[in-house]
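**Student:** CSV, C-alpha atoms and all ligand atoms, file work-v2.csv:
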chain,number,residue,atom,x,y,z
O,634,MET,CA,29.4,29.4,-29.3
O,635,ALA,CA,27.0,27.0,-30.9
O,636,GLY,CA,25.6,24.4,-28.6
O,637,VAL,CA,26.4,26.4,-25.4
O,638,ALA,CA,23.2,26.6,-23.4
O,639,PRO,CA,22.6,29.1,-20.6
O,640,LEU,CA,22.6,27.7,-17.1
O,641,THR,CA,19.5,27.7,-14.8
O,642,LYS,CA,19.8,30.1,-11.9
O,643,GLN,CA,20.5,27.2,-9.6
O,644,GLU,CA,23.2,25.9,-11.8
O,645,LEU,CA,24.7,29.3,-12.1
O,646,ALA,CA,24.6,29.9,-8.3
O,647,SER,CA,26.6,26.7,-7.8
O,648,LYS,CA,29.3,27.9,-10.2
O,649,LEU,CA,29.7,31.5,-8.9
O,650,VAL,CA,33.2,32.1,-7.6
O,651,GLN,CA,31.9,34.5,-4.9
O,652,GLU,CA,29.7,31.7,-3.5
O,653,ILE,CA,32.5,29.1,-3.7
O,654,ALA,CA,34.8,31.5,-1.9
O,655,LYS,CA,32.2,32.4,0.7
O,656,LYS,CA,31.6,28.7,1.6
O,657,GLY,CA,35.3,28.2,2.2
O,658,ASP,CA,35.1,24.5,1.2
O,659,GLU,CA,37.9,22.9,-0.7
O,660,ILE,CA,38.4,24.6,-4.1
O,661,PRO,CA,37.1,22.5,-7.0
O,662,GLU,CA,39.9,21.0,-9.1
O,663,VAL,CA,38.6,22.9,-12.2
O,664,PHE,CA,40.2,26.1,-11.0
O,665,PHE,CA,43.7,24.8,-10.7
O,666,ARG,CA,46.1,25.5,-13.6
O,667,LYS,CA,47.5,22.1,-14.4
O,668,ASP,CA,51.0,23.3,-15.4
O,669,GLY,CA,51.2,26.3,-13.2
O,670,PHE,CA,52.0,29.6,-14.8
O,671,PRO,CA,55.1,31.8,-15.2
O,672,GLU,CA,55.8,34.5,-12.6
O,673,ALA,CA,55.4,38.2,-13.5
O,674,ILE,CA,58.0,40.8,-12.6
O,675,ASP,CA,57.4,44.3,-11.1
O,676,ALA,CA,58.2,47.2,-13.5
O,677,PRO,CA,57.3,50.4,-11.7
O,678,ASP,CA,59.7,52.5,-13.9
O,679,LEU,CA,58.0,51.3,-17.0
O,680,TRP,CA,54.5,52.3,-15.7
O,681,ARG,CA,55.7,55.6,-14.5
O,682,GLY,CA,57.8,56.2,-17.7
O,683,ASP,CA,57.3,54.8,-21.2
O,684,LEU,CA,53.8,53.5,-20.6
O,685,LEU,CA,52.4,56.5,-18.8
O,686,ILE,CA,50.6,59.0,-21.1
O,687,ASP,CA,49.6,62.4,-20.0
O,688,PHE,CA,46.2,63.0,-21.8
O,689,SER,CA,46.4,66.8,-21.4
O,690,LEU,CA,49.5,66.8,-23.6
O,691,LEU,CA,47.8,64.5,-26.2
O,692,SER,CA,45.0,67.0,-26.7
O,693,SER,CA,47.4,69.7,-27.5
O,694,TYR,CA,49.2,67.3,-29.8
O,695,SER,CA,52.6,67.5,-28.0
O,696,GLU,CA,55.0,65.7,-30.4
O,697,PRO,CA,57.0,63.9,-27.7
O,698,GLU,CA,53.7,62.7,-26.1
O,699,LEU,CA,52.4,61.5,-29.5
O,700,ALA,CA,55.7,59.6,-30.1
O,701,LYS,CA,55.3,58.0,-26.7
O,702,LEU,CA,51.8,56.9,-27.5
O,703,ARG,CA,52.8,55.4,-30.8
O,704,SER,CA,55.7,53.6,-29.2
O,705,ALA,CA,53.6,52.3,-26.3
O,706,LEU,CA,50.9,50.9,-28.7
O,707,SER,CA,53.3,49.5,-31.2
O,708,LYS,CA,55.6,47.8,-28.7
O,709,TRP,CA,53.2,46.9,-25.9
O,710,GLY,CA,49.6,47.4,-27.1
O,711,CYS,CA,48.7,49.2,-23.9
O,712,PHE,CA,49.5,52.2,-21.5
O,713,GLN,CA,48.1,54.0,-18.6
O,714,VAL,CA,46.7,57.5,-18.9
O,715,ILE,CA,46.5,60.4,-16.4
O,716,ASN,CA,44.9,63.8,-16.6
O,717,HIS,CA,42.1,62.3,-18.7
O,718,GLY,CA,39.5,64.8,-17.3
O,719,ILE,CA,37.4,62.2,-15.4
O,720,GLU,CA,37.3,63.2,-11.8
O,721,VAL,CA,39.1,60.8,-9.5
O,722,SER,CA,36.1,61.0,-7.0
O,723,PHE,CA,33.8,59.8,-9.8
O,724,LEU,CA,36.1,56.8,-10.5
O,725,GLU,CA,36.3,56.0,-6.9
O,726,GLU,CA,32.6,56.1,-6.5
O,727,LEU,CA,32.1,53.8,-9.5
O,728,ILE,CA,34.4,51.2,-7.9
O,729,GLU,CA,32.6,51.6,-4.6
O,730,ILE,CA,29.1,51.2,-6.2
O,731,SER,CA,30.4,48.1,-8.1
O,732,LYS,CA,31.6,46.7,-4.9
O,733,GLN,CA,28.2,47.3,-3.3
O,734,PHE,CA,26.5,45.5,-6.2
O,735,PHE,CA,28.6,42.4,-5.8
O,736,ALA,CA,27.9,42.5,-2.0
O,737,LEU,CA,24.1,42.2,-2.6
O,738,PRO,CA,22.4,39.0,-1.6
O,739,LEU,CA,22.8,36.2,-4.1
O,740,GLU,CA,19.1,36.0,-4.9
O,741,GLU,CA,19.0,39.7,-5.9
O,742,LYS,CA,22.1,39.4,-8.1
O,743,LEU,CA,20.7,36.3,-9.8
O,744,GLY,CA,17.7,38.5,-10.9
O,745,TYR,CA,20.1,40.3,-13.2
O,746,SER,CA,21.4,37.2,-15.1
O,747,ALA,CA,19.8,36.6,-18.5
O,748,ALA,CA,18.0,33.2,-18.8
O,749,ASP,CA,18.8,32.9,-22.5
O,750,ASP,CA,22.1,34.6,-23.0
O,751,ILE,CA,25.4,33.2,-21.7
O,752,TYR,CA,27.2,36.6,-22.0
O,753,GLN,CA,24.8,39.2,-20.7
O,754,GLY,CA,24.1,40.1,-17.1
O,755,TYR,CA,25.4,38.8,-13.8
O,756,GLY,CA,27.3,35.6,-13.9
O,757,THR,CA,30.7,33.9,-14.3
O,758,ASP,CA,32.6,33.1,-17.5
O,759,ALA,CA,33.6,29.7,-18.6
O,760,ALA,CA,31.1,28.0,-16.4
O,761,TYR,CA,29.7,26.4,-19.5
O,762,SER,CA,32.3,23.8,-20.4
O,763,GLY,CA,33.3,21.3,-17.8
O,764,SER,CA,36.8,20.7,-19.2
O,765,GLN,CA,38.5,24.1,-19.3
O,766,THR,CA,40.3,25.5,-16.3
O,767,ARG,CA,38.2,28.2,-14.8
O,768,ASN,CA,39.0,31.8,-13.8
O,769,TRP,CA,38.6,33.0,-10.3
O,770,ASN,CA,36.2,35.7,-11.4
O,771,ASP,CA,32.5,36.7,-11.5
O,772,ARG,CA,31.1,39.6,-13.5
O,773,LEU,CA,28.3,41.8,-14.6
O,774,PHE,CA,28.3,42.1,-18.4
O,775,LEU,CA,26.1,44.7,-20.1
O,776,PHE,CA,25.8,45.5,-23.8
O,777,LEU,CA,25.4,49.2,-24.3
O,778,HIS,CA,25.4,49.5,-28.0
O,779,PRO,CA,23.9,48.7,-30.5
O,780,LYS,CA,20.6,49.3,-28.9
O,781,GLU,CA,19.1,46.0,-30.1
O,782,LYS,CA,21.5,44.2,-27.8
O,783,LEU,CA,20.7,46.2,-24.7
O,784,ARG,CA,18.9,44.1,-22.1
O,785,LEU,CA,17.6,46.5,-19.5
O,786,GLU,CA,16.4,43.7,-17.2
O,787,CYS,CA,20.1,42.8,-16.6
O,788,TRP,CA,20.9,46.4,-15.4
O,789,PRO,CA,20.9,46.5,-11.7
O,790,GLN,CA,18.3,48.6,-9.9
O,791,LYS,CA,20.5,48.5,-6.8
O,792,PRO,CA,22.7,50.2,-5.6
O,793,ASP,CA,20.3,53.1,-6.5
O,794,LYS,CA,22.9,55.1,-8.4
O,795,PHE,CA,24.5,52.2,-10.4
O,796,ARG,CA,22.5,52.6,-13.7
O,797,GLU,CA,22.9,56.3,-13.7
O,798,MET,CA,26.6,56.0,-13.0
O,799,ILE,CA,27.1,53.5,-15.8
O,800,GLU,CA,25.5,55.8,-18.3
O,801,GLU,CA,27.5,58.8,-17.0
O,802,TYR,CA,30.7,56.8,-17.1
O,803,SER,CA,30.0,55.7,-20.7
O,804,LYS,CA,29.6,59.3,-21.7
O,805,LYS,CA,32.8,60.4,-20.0
O,806,ILE,CA,34.8,57.5,-21.5
O,807,SER,CA,33.3,58.3,-24.9
O,808,SER,CA,34.8,61.7,-24.9
O,809,VAL,CA,38.2,60.4,-23.7
O,810,ASN,CA,38.0,57.9,-26.6
O,811,LYS,CA,37.1,60.6,-29.2
O,812,ALA,CA,40.2,62.6,-28.3
O,813,LEU,CA,42.4,59.5,-28.1
O,814,CYS,CA,41.3,58.3,-31.6
O,815,LYS,CA,42.4,61.7,-32.9
O,816,ALA,CA,45.7,61.5,-31.1
O,817,MET,CA,46.3,57.9,-32.2
O,818,SER,CA,45.8,59.0,-35.9
O,819,ARG,CA,48.1,61.9,-35.4
O,820,SER,CA,50.7,59.7,-33.8
O,821,LEU,CA,50.7,57.6,-37.0
O,822,GLY,CA,51.2,60.7,-39.2
O,823,LEU,CA,47.6,60.4,-40.4
O,824,GLU,CA,44.7,62.9,-40.6
O,825,GLU,CA,43.0,63.0,-37.2
O,826,ASN,CA,39.8,61.3,-38.4
O,827,CYS,CA,41.5,58.2,-40.0
O,828,LEU,CA,41.4,56.1,-36.9
O,829,GLU,CA,37.9,56.7,-35.7
O,830,PHE,CA,35.6,54.3,-33.9
O,831,GLY,CA,33.1,54.2,-31.1
O,832,LYS,CA,31.0,57.2,-32.3
O,833,HIS,CA,28.0,55.8,-30.4
O,834,GLY,CA,29.9,55.2,-27.3
O,835,PRO,CA,31.2,52.0,-25.7
O,836,ALA,CA,29.7,48.7,-26.9
O,837,ILE,CA,30.0,46.8,-23.6
O,838,ALA,CA,30.4,47.5,-19.9
O,839,ARG,CA,31.9,44.7,-17.8
O,840,PHE,CA,32.3,44.8,-14.0
O,841,ASN,CA,34.6,42.2,-12.5
O,842,ILE,CA,35.0,40.8,-9.1
O,843,TYR,CA,38.0,38.6,-8.2
O,844,PRO,CA,37.2,37.3,-4.7
O,845,ARG,CA,40.0,36.8,-2.3
O,846,CYS,CA,41.6,33.4,-3.2
O,847,PRO,CA,43.2,31.0,-0.8
O,848,CYS,CA,45.5,29.6,-3.4
O,849,PRO,CA,46.8,32.4,-5.8
O,850,GLU,CA,49.9,30.5,-6.8
O,851,ARG,CA,47.9,27.9,-8.6
O,852,ILE,CA,44.8,29.9,-9.7
O,853,LEU,CA,44.4,32.9,-12.1
O,854,GLY,CA,41.8,35.6,-11.8
O,855,THR,CA,41.6,35.7,-15.6
O,856,LYS,CA,43.8,33.6,-17.8
O,857,ALA,CA,45.9,35.1,-20.6
O,858,HIS,CA,43.8,36.6,-23.4
O,859,THR,CA,43.6,39.4,-25.9
O,860,ASP,CA,40.3,41.5,-26.0
O,861,ASN,CA,38.0,40.8,-28.9
O,862,VAL,CA,37.3,44.5,-29.4
O,863,MET,CA,38.8,47.7,-30.8
O,864,VAL,CA,40.0,49.2,-27.5
O,865,THR,CA,39.5,48.6,-23.8
O,866,TYR,CA,39.3,51.2,-21.0
O,867,LEU,CA,40.0,49.6,-17.7
O,868,LEU,CA,39.6,51.0,-14.2
O,869,PRO,CA,41.2,48.7,-11.7
O,870,GLU,CA,40.8,49.0,-8.0
O,871,VAL,CA,44.3,47.6,-7.0
O,872,GLU,CA,47.1,45.7,-8.6
O,873,GLY,CA,46.5,42.3,-10.3
O,874,LEU,CA,46.6,43.0,-14.0
O,875,GLN,CA,49.7,41.6,-15.9
O,876,ILE,CA,50.9,42.1,-19.4
O,877,LEU,CA,52.9,39.7,-21.6
O,878,ASN,CA,55.7,41.1,-23.7
O,879,ASP,CA,58.5,39.2,-25.5
O,880,GLY,CA,57.9,36.1,-23.4
O,881,GLN,CA,58.0,38.0,-20.1
O,882,TRP,CA,55.0,38.8,-17.8
O,883,TYR,CA,55.0,42.3,-16.2
O,884,LYS,CA,52.8,43.4,-13.3
O,885,VAL,CA,50.9,46.5,-14.1
O,886,SER,CA,51.6,49.1,-11.3
O,887,PHE,CA,48.4,50.5,-9.8
O,888,ILE,CA,48.3,54.3,-10.3
O,889,PRO,CA,45.3,55.8,-8.4
O,890,GLY,CA,43.0,57.7,-10.8
O,891,ALA,CA,44.7,56.4,-14.0
O,892,LEU,CA,42.9,54.5,-16.7
O,893,PHE,CA,44.5,51.5,-18.2
O,894,ILE,CA,44.0,51.3,-22.0
O,895,ASN,CA,44.7,48.3,-24.1
O,896,PHE,CA,44.4,47.7,-27.8
O,897,GLY,CA,42.1,44.8,-28.8
O,898,GLU,CA,42.4,42.4,-31.7
O,899,LEU,CA,40.1,44.5,-33.9
O,900,GLY,CA,42.3,47.5,-33.3
O,901,GLU,CA,45.3,45.5,-34.3
O,902,ALA,CA,43.5,44.5,-37.5
O,903,PHE,CA,42.4,48.0,-38.2
O,904,THR,CA,46.0,49.4,-37.9
O,905,ASN,CA,47.4,46.5,-39.9
O,906,GLY,CA,49.4,45.2,-36.9
O,907,VAL,CA,51.2,48.6,-36.4
O,908,PHE,CA,49.5,48.8,-33.0
O,909,LYS,CA,49.5,45.5,-31.1
O,910,SER,CA,46.8,43.8,-29.1
O,911,ALA,CA,48.1,43.3,-25.6
O,912,VAL,CA,48.1,39.8,-24.1
O,913,HIS,CA,47.0,40.2,-20.5
O,914,ARG,CA,45.9,38.2,-17.5
O,915,VAL,CA,44.8,38.8,-13.9
O,916,SER,CA,46.4,37.2,-10.9
O,917,ALA,CA,44.4,36.1,-7.9
O,918,ASN,CA,45.3,37.4,-4.5
O,919,SER,CA,44.9,36.0,-1.0
O,920,THR,CA,44.4,39.3,0.9
O,921,LYS,CA,41.4,41.1,-0.5
O,922,ASP,CA,38.6,41.0,-3.1
O,923,ARG,CA,39.5,43.0,-6.3
O,924,ILE,CA,37.1,45.0,-8.5
O,925,SER,CA,37.6,46.3,-12.0
O,926,ALA,CA,35.2,48.3,-14.2
O,927,VAL,CA,35.8,47.9,-18.0
O,928,MET,CA,34.4,49.6,-21.1
O,929,PHE,CA,34.9,48.0,-24.5
O,930,PHE,CA,34.7,49.9,-27.8
O,931,ASN,CA,34.0,48.2,-31.1
O,932,PRO,CA,34.2,49.4,-34.7
O,933,ASP,CA,31.4,51.5,-36.1
O,934,ASP,CA,31.0,49.5,-39.2
O,935,ASP,CA,30.2,45.8,-39.5
O,936,GLU,CA,33.3,45.2,-41.5
O,937,VAL,CA,36.9,45.6,-40.3
O,938,GLU,CA,39.8,46.0,-42.7
O,939,PRO,CA,43.3,47.4,-42.3
O,940,LEU,CA,43.6,51.1,-43.0
O,941,LYS,CA,45.0,51.6,-46.6
O,942,GLU,CA,47.3,54.3,-45.2
O,943,LEU,CA,49.0,51.6,-43.1
O,944,ILE,CA,49.7,49.1,-45.8
O,945,SER,CA,53.0,49.5,-47.6
O,946,ALA,CA,55.9,47.5,-49.0
O,947,ASP,CA,57.5,47.6,-45.5
O,948,GLN,CA,54.2,46.7,-43.8
O,949,PRO,CA,52.3,44.4,-46.1
O,950,GLN,CA,48.6,43.7,-45.4
O,951,LEU,CA,48.4,41.3,-42.4
O,952,TYR,CA,44.7,40.7,-42.1
O,953,ARG,CA,42.0,40.3,-44.7
O,954,LYS,CA,38.8,42.3,-44.6
O,955,PHE,CA,36.2,40.5,-42.4
O,956,SER,CA,32.8,41.2,-41.0
O,957,MET,CA,31.8,41.1,-37.3
O,958,LYS,CA,29.4,38.3,-38.3
O,959,GLU,CA,32.4,36.2,-39.3
O,960,TYR,CA,34.5,37.2,-36.3
O,961,SER,CA,32.0,37.1,-33.4
O,962,PRO,CA,31.3,33.3,-33.6
O,963,LYS,CA,35.1,32.7,-33.2
O,964,ILE,CA,35.3,34.5,-29.9
O,965,TYR,CA,33.9,31.9,-27.5
O,966,ASP,CA,36.1,29.1,-28.7
O,967,SER,CA,39.2,31.2,-29.0
O,968,PHE,CA,38.9,32.2,-25.3
O,969,ARG,CA,38.3,28.6,-24.3
O,970,LEU,CA,41.3,27.4,-26.3
O,971,GLY,CA,43.6,30.3,-25.4
O,972,ILE,CA,44.1,31.3,-29.0
O,973,ARG,CA,43.5,34.6,-30.9
O,974,ALA,CA,40.3,34.8,-32.9
O,975,LEU,CA,42.0,37.3,-35.2
O,976,ASP,CA,44.6,34.8,-36.4
O,977,ALA,CA,41.9,33.1,-38.5
O,978,PHE,CA,41.8,36.3,-40.7
O,979,GLN,CA,45.5,36.5,-41.5
O,980,VAL,CA,46.3,37.0,-45.1
B,1001,LIG,O1,40.3,43.1,-14.3
B,1001,LIG,C1,41.2,43.4,-15.0
B,1001,LIG,O2,42.2,44.0,-14.6
B,1001,LIG,C2,41.2,42.9,-16.4
B,1001,LIG,C3,39.9,42.5,-16.9
B,1001,LIG,C4,40.0,42.0,-18.3
B,1001,LIG,O3,41.0,41.7,-18.9
B,1001,LIG,C5,38.7,41.9,-19.1
B,1001,LIG,O4,37.6,42.1,-18.5
B,1001,LIG,O5,38.8,41.6,-20.3
B,1002,FE,FE,40.8,41.6,-21.0
Could you render the structure from this file as structure tokens?
Ligand SMILES: O=C(O)CCC(=O)C(=O)O
Ligand SMILES: [Fe+2]
**Tutor:**
Amino acid sequence: MAGVAPLTKQELASKLVQEIAKKGDEIPEVFFRKDGFPEAIDAPDLWRGDLLIDFSLLSSYSEPELAKLRSALSKWGCFQVINHGIEVSFLEELIEISKQFFALPLEEKLGYSAADDIYQGYGTDAAYSGSQTRNWNDRLFLFLHPKEKLRLECWPQKPDKFREMIEEYSKKISSVNKALCKAMSRSLGLEENCLEFGKHGPAIARFNIYPRCPCPERILGTKAHTDNVMVTYLLPEVEGLQILNDGQWYKVSFIPGALFINFGELGEAFTNGVFKSAVHRVSANSTKDRISAVMFFNPDDDEVEPLKELISADQPQLYRKFSMKEYSPKIYDSFRLGIRALDAFQV
């Protein structure tokens, strides 16, 4: 990330996808994928079957549900979860409030971008390097934990309930995460506190908007990537997310009220590759804007290393021990270059 300077508000305004979409001018070349991208297939049976986890069964440690969880994470690195205990009306309101935030006047939103931090606040990714193909996406990015990283000036004061809802959502997601950590440990035949993280709650909240796009066959909402975290909890508004598995892209079916959970690179390192980090991307669509609300969890310690219990003759150690201080600087370039930051730490 060295050498990447934040943009002035004016520069940022000219790069925002919402603004480009609103003007309706010709789309800048920098958004077009030079070589196109492979099509994704529908797989409703998968999302209603092997990759649909009933959270209420996990909390009672149902053996078949634990086996399903283990299989989903080791083969796909992701699943959707229902009966997670967060009221659907709350989730719908969160999406609605996020939508209202992105609908605020530009000047007001720019007030929530950080002048000295390319990540935090309102803005758009990948606006900082002229050469890479850009995503058709703007976002609000907020650090929640550790407290030293929290920048309250980037937290929207409007819509009125937004701040309160983010805090509330982070508590609700935390309790889902606590139970899920235990279930994941159990699914691996381990003591329930072996695979524990996110004690202080999610590290980051990210709200995405993918404006309606006139040219979805040549532009992506977000290009293929793995998340640089332990685990991601995603609340989508409609379809658009896609997953790569064995060389094939799959459309994730939208299930109202379900949360989409995917394992990040740090989760893969922590489980010594037993659970995979899902490669995913977001398509653009020509009919409507799309919103998603994302919570990212990180490890509690500064160092990440594969669990001893998951290293064996059959499953030799895949990643060396590394610190977040070593890992974090690799994130920006890996996203830009489309490679995995984690691969730098292979044994
Ligand atoms: O919007 C989505 O569905 C996915 C977002 C995503 O992958 C991310 O924010 O890391
Ligand atoms: Fe992601």
**Student:** In terms of the shortest atom-to-atom distance over only C-alpha atoms and all ligand atoms, which of O:Gln765, O:Ser722, O:Asn878, O:Thr859 is closest to ligand LIG 1001 (chain B)?
**Tutor:**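 That would be O:Thr859, the residue with the smallest distance to ligand LIG 1001 (chain B).
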**Student:** Here is a test: counting only C-alpha atoms, which residue of O:Lys804, O:Lys941, O:Lys958, O:Lys856 is nearest to Arg914 of chain O?
**Tutor:**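 Going through O:Lys804, O:Lys941, O:Lys958, O:Lys856 one by one, the smallest distance to Arg914 of chain O is for O:Lys856.
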**Student:** Neighbours of Gln753 of chain O within 8 Å (all atoms listed in the file; same-chain residues fewer than 2 positions away dropped), as a list in words?
**Tutor:**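 Neighbouring residues, sequence-local ones excluded: Ser746, Ala747, Asp750, Ile751, Tyr755, Leu773, Phe774, Leu775, Phe776, Arg784 and Cys787 of chain O.
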**Student:** Between O:Val862, O:Arg666, O:Lys884, O:Arg973, which has the minimum distance to Met957 of chain O (counting only C-alpha atoms)?
**Tutor:**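 Residue with the minimum atom-to-atom distance to Met957 of chain O: O:Val862.
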**Student:** Name all residues at most 12 Å from Leu702 of chain O (count all atoms listed in the file; drop same-chain ones fewer than 4 positions away) and give them as an MDAnalysis selection string.
**Tutor:** chainID O and resid 682:688 690:691 694:698 706:714 813:821 894:896 908
**Student:** Rank nothing, just name the residue among O:Asp658, O:Asp976, O:Asp934, O:Asp860 nearest to ligand LIG 1001 (chain B), using all atoms listed in the file.
**Tutor:** O:Asp860
**Student:** For ligand FE 1002 (chain B), list the contacting residues at 9 Å or closer, counting all atoms listed in the file, as a PyMOL selection string.
**Tutor:** chain O and resi 855+857-861+865+867+895+897+911-915+927
**Student:** Would you place a box with edges along x, y and z of the file around all atoms of ligand LIG 1001 (chain B) listed there, add 3 Å to each of its six sides, and report the centre and edge lengths in Å to one decimal, as lines of an AutoDock Vina configuration file?
**Tutor:**
center_x = 39.9
center_y = 42.8
center_z = -17.3
size_x = 10.6
size_y = 8.4
size_z = 12.0
**Student:** Can you work out which one of O:Glu786, O:Asp922, O:Glu672, O:Asp947 has the shortest atom-to-atom distance to ligand LIG 1001 (chain B), counting all atoms listed in the file?
**Tutor:** O:Asp922
**Student:** Would you compute the distance between atom CA of Leu649 of chain O and atom C5 of ligand LIG 1001 (chain B)? Give it in Å to one decimal.
**Tutor:**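 Pair atom CA of Leu649 of chain O / atom C5 of ligand LIG 1001 (chain B) returns 17.1 Å.
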**Student:** So what do you get for atom CA of Arg845 of chain O versus atom CA of Gln790 of chain O, distance-wise?
**Tutor:**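 Here the two named atoms are 25.8 Å from each other.
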**Student:** For each of O:Lys667, O:Lys811, O:Arg772, O:Arg851, take the minimum atom-to-atom distance to ligand LIG 1001 (chain B), counting only C-alpha atoms and all ligand atoms, then give the residue where this is smallest.
**Tutor:** O:Arg772
**Student:** If you measure from atom CA of Gly880 of chain O to atom CA of Lys909 of chain O, what distance in Å do you get, rounded to one decimal?
**Tutor:**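 Result for atom CA of Gly880 of chain O versus atom CA of Lys909 of chain O: 14.8 Å, one decimal.
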**Student:** Near Phe955 of chain O, counting all atoms listed in the file, which residues have an atom at most 10 Å away, once you skip same-chain residues fewer than 4 positions from it, shown as a list of chain:residue names?
**Tutor:** O:Ala902, O:Asp935, O:Glu936, O:Val937, O:Glu938, O:Pro939, O:Glu959, O:Tyr960, O:Leu975, O:Phe978
**Student:** For the selection you just gave me, I'd like the residues written to a file as an mmCIF file, in the frame of the given file, keeping C-alpha atoms.
**Tutor:**
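Everything below was put into result39.cif:
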data_model
loop_
_atom_site.group_PDB
_atom_site.id
_atom_site.type_symbol
_atom_site.label_atom_id
_atom_site.label_comp_id
_atom_site.auth_asym_id
_atom_site.auth_seq_id
_atom_site.Cartn_x
_atom_site.Cartn_y
_atom_site.Cartn_z
ATOM 1 C CA ALA O 902 43.500 44.500 -37.500
ATOM 2 C CA ASP O 935 30.200 45.800 -39.500
ATOM 3 C CA GLU O 936 33.300 45.200 -41.500
ATOM 4 C CA VAL O 937 36.900 45.600 -40.300
ATOM 5 C CA GLU O 938 39.800 46.000 -42.700
ATOM 6 C CA PRO O 939 43.300 47.400 -42.300
ATOM 7 C CA GLU O 959 32.400 36.200 -39.300
ATOM 8 C CA TYR O 960 34.500 37.200 -36.300
ATOM 9 C CA LEU O 975 42.000 37.300 -35.200
ATOM 10 C CA PHE O 978 41.800 36.300 -40.700
#
**Student:** Starting from the point (31.5, 57.2, -16.5), work out which residues of protein, DNA or RNA have an atom no more than 10 Å away when counting all atoms listed in the file; state them as a list in words.
**Tutor:**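 All residues meeting the 10 Å criterion around (31.5, 57.2, -16.5) are Ile719, Glu720, Phe723, Leu724, Leu727, Glu797, Met798, Ile799, Glu800, Glu801, Tyr802, Ser803, Lys804, Lys805, Ile806, Ser807, Ala926 and Met928 of chain O.
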